[in-house]
Amino acid sequence: MSLRIYNTLTRDLQAFSPIEPGHVRMYVCGMTVYDLCHLGHARSMVAFDVVQRWLRESGFRVTYVRNITDIDDKIIRRAVENGETIRSLTDRMIDALHQDADALGVQRPTHEPRATEYVPQMLSMIGRLEAKGLAYRAGNGDVNYAVRKFPSYGRLSGKSLDELRAGERVAVDDGKLDPLDPVLWKSAKPTEPADAKWDSEFGAGRPGWHIECSAMACELLGETFDIHGGGADLQFPHHETEIAQSEGASGKTFVNTWMHNGFINIDNEKMSKSLGNFFTIRDVLKAFDAETVRFFVVRSHYRSPLNYSDAHLQDARNALRRLYTALDQVSAEPEAVIDWTGPYAARFKAAMDEDFGTPEAVAVLFDLATEVNKTRSPVLAAQLRALGGCLGLLQGDPKAFLQAGASLDDDAIQQLIEQRAQAKKGKDFAEADRIRNELLAQGIVLKDGSDGTRWEMAS
């Protein structure tokens with residue numbers, strides 16, 4: 001079975017075939033670096049890391065571009081608030097991004113362009129759009145894109161321009177022909193710092209957000225490439241506008257396959273900085289190890305919503321412990337070479353080839369772990385580790401993982417056991433289960449018996 005990917009643009013699963021045989025060109029929208037990355041960013045980074053890993057495992061050469069937006073209204077505002085230069089702020093946040101991504105096992109992209117390094121390409125694209133009558137200079141000094149002159153605007157989101165206008169949530173800027181017209185070039189304001197503006201034929205200013213990705217993607221991957229990804233919230237207006245700008249400038253199809261990952265939700269509401277309901281990656285890593293956080297993301301399908309809670313992360317940790325426990329049963333593993341015709345590997349491949357079906361692939365890992373526990377087979381253990389590696393999992397030392405976090409002393413453990421006993425006595429079984437799971441996450445297994453509860457370290 002060949003790889004099939006759900007294409008947001010066509011709203012169906014399609015057999016994937018790259019434009020250049022054997023070579024996949026993929027662009028994923030990265031972060032706007034005015035603050036630390038949150039768990040929603042982690043989901044996008046991990047989701048597309050799995051995508052590029054599987055493409056490579058499938059024999060493709062991959063040119064993977066994930067951009068950095070390092071000039072933006074929020075960045076300017078934060079730099080001014082901090083009393084620092086824009087470059088100082090963005091350099092710090094990019095370093096933090098790399099630390100967080102590295103901790104989560106996210107491999108570096110082939111190219112990681114900063115928007116500020118591609119302003120000439122953005123100005124060139126804006127010039128071509130103006131020459132074609134698709135861009136116009138507004139009275140306030142901005143240059144805008146005329147969406148009504150691009151007939152297919154709205155096809156990615158599946159809405160007409162009138163429907164999109166009815167749902168707009170932003171005030172109309174002065175000088176726009178249509179409220180939906182995105183800004184290509186923002187005229188500089190006198191109060192803005194000097195490092196927030198560039199000189200151009202359109203006057204001093206800076207690029208709009210949407211044109212940044214159009215220019216960087218076309219410069220690094222060509223005017224038509226294979227895959228463009230990002231979070232579902234970018235579908236409109238960001239990706240919709242990228243299509244209009246890029247195809248308007250080149251006259252060619254911009255992207256063949258559009259992929260969008262689902263949100264991480266808190267109480268069924270999207271996690272985001274604007275809503276103030278977010279957890280930074282490093283906040284989460286203070287309580288949970290990085291591989292557990294990655295496993296929490298990977299075991300859900302990339303397009304599905306993912307609900308965040310400590311309980312869900314505890315469950316992910318416990319599940320990951322079961323896989324590492326199986327590996328710990330075998331003293332030595334041979335060099336792993338995956339035989340894709342084998343029953344477990346074939347099932348794993350079938351799952352991943354169906355739109356990167358990680359839930360089904362993870363289920364194969366658990367079935368294989370069960371067999372390792374039964375047989376203590378070094379060959380099966382090596383296969384378990386190798387298949388896990390396709391998802392960026394199970395590459396650590398089993399004993400180290402199982403013992404990590406088991407830092408409670410005997411008195412603390414006994415106190416928790418007593419609290420659990422009181423909870424059971426009061427019929428608060430949810431609290432009793434929570435305490436058991438908390439101890440299990442620390443590598444401590446409770447054994448209930450007629451003479452009370454004893455504990456031991458998980459093996």
# chains A, B, ... in the order shown; residues from 1 in each chain; ligands from 1
>>> closest_atom_pairs(of="region 228-324 of chain A", to="region 60-80 of chain A", cutoff="10 Å", atoms="only C-alpha atoms", output="Markdown table")
| residue | atom | partner | partner_atom | distance |
| --- | --- | --- | --- | --- |
| A:His228 | CA | A:Val65 | CA | 9.5 |
| A:Gly229 | CA | A:Arg66 | CA | 9.3 |
| A:Gly230 | CA | A:Arg66 | CA | 9.6 |
>>> closest_residue(among="A:Leu320, A:Leu221, A:Leu313, A:Val364", to="Met352 (chain A)", atoms="only C-alpha atoms")
A:Val364
>>> residues_around(residues="Thr325 (chain A)", least_positions_apart="6", cutoff="10 Å", atoms="only C-alpha atoms", output="list in words")
Ala319, Ala369, Val372, Asn373, Pro398, Lys399, Phe401, Leu402, Ala458 and Ser459 of chain A
>>> residues_around(residues="Gln14 (chain A)", least_positions_apart="5", cutoff="8 Å", atoms="only C-alpha atoms", output="PyMOL selection string")
chain A and resi 4-7
>>> closest_residue(among="A:Pro193, A:Gly388, A:Pro120, A:Gly426", to="Ala345 (chain A)", atoms="only C-alpha atoms")
A:Gly388
>>> select_by_dssp(residues="region 81-299 of chain A", states="alpha helix (DSSP H)", output="VMD selection string")
chain A and resid 81 to 82 86 to 103 119 to 131 161 to 166 209 to 221 240 to 250 281 to 285 290 to 298
>>> write_last_selection(atoms="C-alpha atoms", output="PDB file, in the first residue's frame")
ATOM      1  CA  GLU A  81       8.168  46.698  26.694  1.00  0.00           C
ATOM      2  CA  ASN A  82      11.415  44.930  27.600  1.00  0.00           C
ATOM      3  CA  ILE A  86      14.156  43.189  18.360  1.00  0.00           C
ATOM      4  CA  ARG A  87      17.189  41.063  17.487  1.00  0.00           C
ATOM      5  CA  SER A  88      18.064  40.558  21.141  1.00  0.00           C
ATOM      6  CA  LEU A  89      14.527  39.379  21.914  1.00  0.00           C
ATOM      7  CA  THR A  90      14.198  37.085  18.904  1.00  0.00           C
ATOM      8  CA  ASP A  91      17.665  35.553  19.375  1.00  0.00           C
ATOM      9  CA  ARG A  92      16.760  34.630  22.969  1.00  0.00           C
ATOM     10  CA  MET A  93      13.419  33.165  21.963  1.00  0.00           C
ATOM     11  CA  ILE A  94      14.937  31.197  19.073  1.00  0.00           C
ATOM     12  CA  ASP A  95      17.507  29.703  21.452  1.00  0.00           C
ATOM     13  CA  ALA A  96      14.659  28.731  23.804  1.00  0.00           C
ATOM     14  CA  LEU A  97      12.687  27.247  20.890  1.00  0.00           C
ATOM     15  CA  HIS A  98      15.660  25.081  19.933  1.00  0.00           C
ATOM     16  CA  GLN A  99      16.136  23.902  23.522  1.00  0.00           C
ATOM     17  CA  ASP A 100      12.465  22.916  23.785  1.00  0.00           C
ATOM     18  CA  ALA A 101      12.395  21.218  20.382  1.00  0.00           C
ATOM     19  CA  ASP A 102      15.619  19.329  21.061  1.00  0.00           C
ATOM     20  CA  ALA A 103      14.260  18.120  24.415  1.00  0.00           C
ATOM     21  CA  VAL A 119      12.835  40.871   2.893  1.00  0.00           C
ATOM     22  CA  PRO A 120      14.267  41.416  -0.649  1.00  0.00           C
ATOM     23  CA  GLN A 121      12.386  38.323  -1.885  1.00  0.00           C
ATOM     24  CA  MET A 122       9.200  39.603  -0.228  1.00  0.00           C
ATOM     25  CA  LEU A 123       9.559  43.010  -1.878  1.00  0.00           C
ATOM     26  CA  SER A 124      10.124  41.323  -5.240  1.00  0.00           C
ATOM     27  CA  MET A 125       6.930  39.303  -4.868  1.00  0.00           C
ATOM     28  CA  ILE A 126       4.958  42.388  -3.813  1.00  0.00           C
ATOM     29  CA  GLY A 127       6.283  44.201  -6.896  1.00  0.00           C
ATOM     30  CA  ARG A 128       5.107  41.392  -9.178  1.00  0.00           C
ATOM     31  CA  LEU A 129       1.664  41.411  -7.558  1.00  0.00           C
ATOM     32  CA  GLU A 130       1.382  45.165  -8.021  1.00  0.00           C
ATOM     33  CA  ALA A 131       2.441  44.869 -11.674  1.00  0.00           C
ATOM     34  CA  LEU A 161     -15.585  35.811   0.048  1.00  0.00           C
ATOM     35  CA  ASP A 162     -19.010  36.929   1.198  1.00  0.00           C
ATOM     36  CA  GLU A 163     -19.118  34.146   3.806  1.00  0.00           C
ATOM     37  CA  LEU A 164     -15.633  35.054   4.990  1.00  0.00           C
ATOM     38  CA  ARG A 165     -16.613  38.713   5.270  1.00  0.00           C
ATOM     39  CA  ALA A 166     -19.691  37.803   7.311  1.00  0.00           C
ATOM     40  CA  TRP A 209       2.947  38.171   8.023  1.00  0.00           C
ATOM     41  CA  HIS A 210       1.401  36.294   5.089  1.00  0.00           C
ATOM     42  CA  ILE A 211       3.868  37.465   2.443  1.00  0.00           C
ATOM     43  CA  GLU A 212       6.774  36.274   4.605  1.00  0.00           C
ATOM     44  CA  CYS A 213       5.867  32.596   4.223  1.00  0.00           C
ATOM     45  CA  SER A 214       5.012  32.929   0.526  1.00  0.00           C
ATOM     46  CA  ALA A 215       8.406  34.424  -0.251  1.00  0.00           C
ATOM     47  CA  MET A 216      10.469  32.074   1.937  1.00  0.00           C
ATOM     48  CA  ALA A 217       8.677  28.950   0.699  1.00  0.00           C
ATOM     49  CA  CYS A 218       9.035  29.851  -2.982  1.00  0.00           C
ATOM     50  CA  GLU A 219      12.673  30.887  -2.557  1.00  0.00           C
ATOM     51  CA  LEU A 220      13.723  27.667  -0.795  1.00  0.00           C
ATOM     52  CA  LEU A 221      11.390  25.076  -2.351  1.00  0.00           C
ATOM     53  CA  GLU A 240      -5.561  31.030   2.244  1.00  0.00           C
ATOM     54  CA  THR A 241      -3.637  34.240   1.655  1.00  0.00           C
ATOM     55  CA  GLU A 242      -0.367  32.431   0.967  1.00  0.00           C
ATOM     56  CA  ILE A 243      -2.074  30.628  -1.918  1.00  0.00           C
ATOM     57  CA  ALA A 244      -3.478  33.858  -3.342  1.00  0.00           C
ATOM     58  CA  GLN A 245      -0.158  35.711  -3.108  1.00  0.00           C
ATOM     59  CA  SER A 246       2.040  32.904  -4.408  1.00  0.00           C
ATOM     60  CA  GLU A 247      -0.215  31.792  -7.243  1.00  0.00           C
ATOM     61  CA  GLY A 248      -1.029  35.394  -8.094  1.00  0.00           C
ATOM     62  CA  ALA A 249       2.679  36.163  -8.477  1.00  0.00           C
ATOM     63  CA  SER A 250       3.741  32.989 -10.302  1.00  0.00           C
ATOM     64  CA  ILE A 281       6.731  23.535  27.041  1.00  0.00           C
ATOM     65  CA  ARG A 282       9.202  24.160  29.838  1.00  0.00           C
ATOM     66  CA  ASP A 283       6.432  24.455  32.406  1.00  0.00           C
ATOM     67  CA  VAL A 284       5.212  21.000  31.393  1.00  0.00           C
ATOM     68  CA  LEU A 285       8.750  19.586  31.360  1.00  0.00           C
ATOM     69  CA  ALA A 290      10.172  15.038  27.525  1.00  0.00           C
ATOM     70  CA  GLU A 291       9.592  11.590  26.027  1.00  0.00           C
ATOM     71  CA  THR A 292       6.306  11.308  27.909  1.00  0.00           C
ATOM     72  CA  VAL A 293       5.203  14.649  26.457  1.00  0.00           C
ATOM     73  CA  ARG A 294       6.187  13.488  22.977  1.00  0.00           C
ATOM     74  CA  PHE A 295       4.341  10.187  23.470  1.00  0.00           C
ATOM     75  CA  PHE A 296       1.261  12.118  24.677  1.00  0.00           C
ATOM     76  CA  VAL A 297       1.255  13.955  21.331  1.00  0.00           C
ATOM     77  CA  VAL A 298       2.209  11.034  19.091  1.00  0.00           C
TER      78      VAL A 298
END
>>> select_by_dssp(residues="region 220-282 of chain A", states="strand (DSSP E or B)", output="list in words")
Phe225, Asp226, Ile227, His228, Gly229, Gly230, Gly231, Val255, Asn256, Thr257, Trp258, Met259, His260, Asn261, Ile264, Asn265, Ile266, Glu269, Lys270 and Thr280 of chain A
>>> write_last_selection(atoms="C-alpha atoms", output="PDB file, in the first residue's frame")
ATOM      1  CA  PHE A 225       6.170  22.141  -4.020  1.00  0.00           C
ATOM      2  CA  ASP A 226       4.748  19.033  -2.405  1.00  0.00           C
ATOM      3  CA  ILE A 227       3.506  19.629   1.165  1.00  0.00           C
ATOM      4  CA  HIS A 228       2.628  22.688   3.205  1.00  0.00           C
ATOM      5  CA  GLY A 229       1.710  22.166   6.855  1.00  0.00           C
ATOM      6  CA  GLY A 230       0.735  24.022   9.978  1.00  0.00           C
ATOM      7  CA  GLY A 231      -1.863  24.282  12.701  1.00  0.00           C
ATOM      8  CA  VAL A 255       1.242  23.534  -3.118  1.00  0.00           C
ATOM      9  CA  ASN A 256      -0.072  20.088  -4.025  1.00  0.00           C
ATOM     10  CA  THR A 257      -0.913  18.798  -0.522  1.00  0.00           C
ATOM     11  CA  TRP A 258      -2.053  20.887   2.467  1.00  0.00           C
ATOM     12  CA  MET A 259      -1.802  19.341   5.946  1.00  0.00           C
ATOM     13  CA  HIS A 260      -3.168  20.807   9.191  1.00  0.00           C
ATOM     14  CA  ASN A 261      -2.716  19.470  12.713  1.00  0.00           C
ATOM     15  CA  ILE A 264      -4.522  21.052  21.937  1.00  0.00           C
ATOM     16  CA  ASN A 265      -7.506  21.943  24.107  1.00  0.00           C
ATOM     17  CA  ILE A 266      -7.906  22.933  27.733  1.00  0.00           C
ATOM     18  CA  GLU A 269     -11.135  25.244  24.348  1.00  0.00           C
ATOM     19  CA  LYS A 270      -8.113  25.781  22.101  1.00  0.00           C
ATOM     20  CA  THR A 280       4.750  26.584  28.054  1.00  0.00           C
TER      21      THR A 280
END
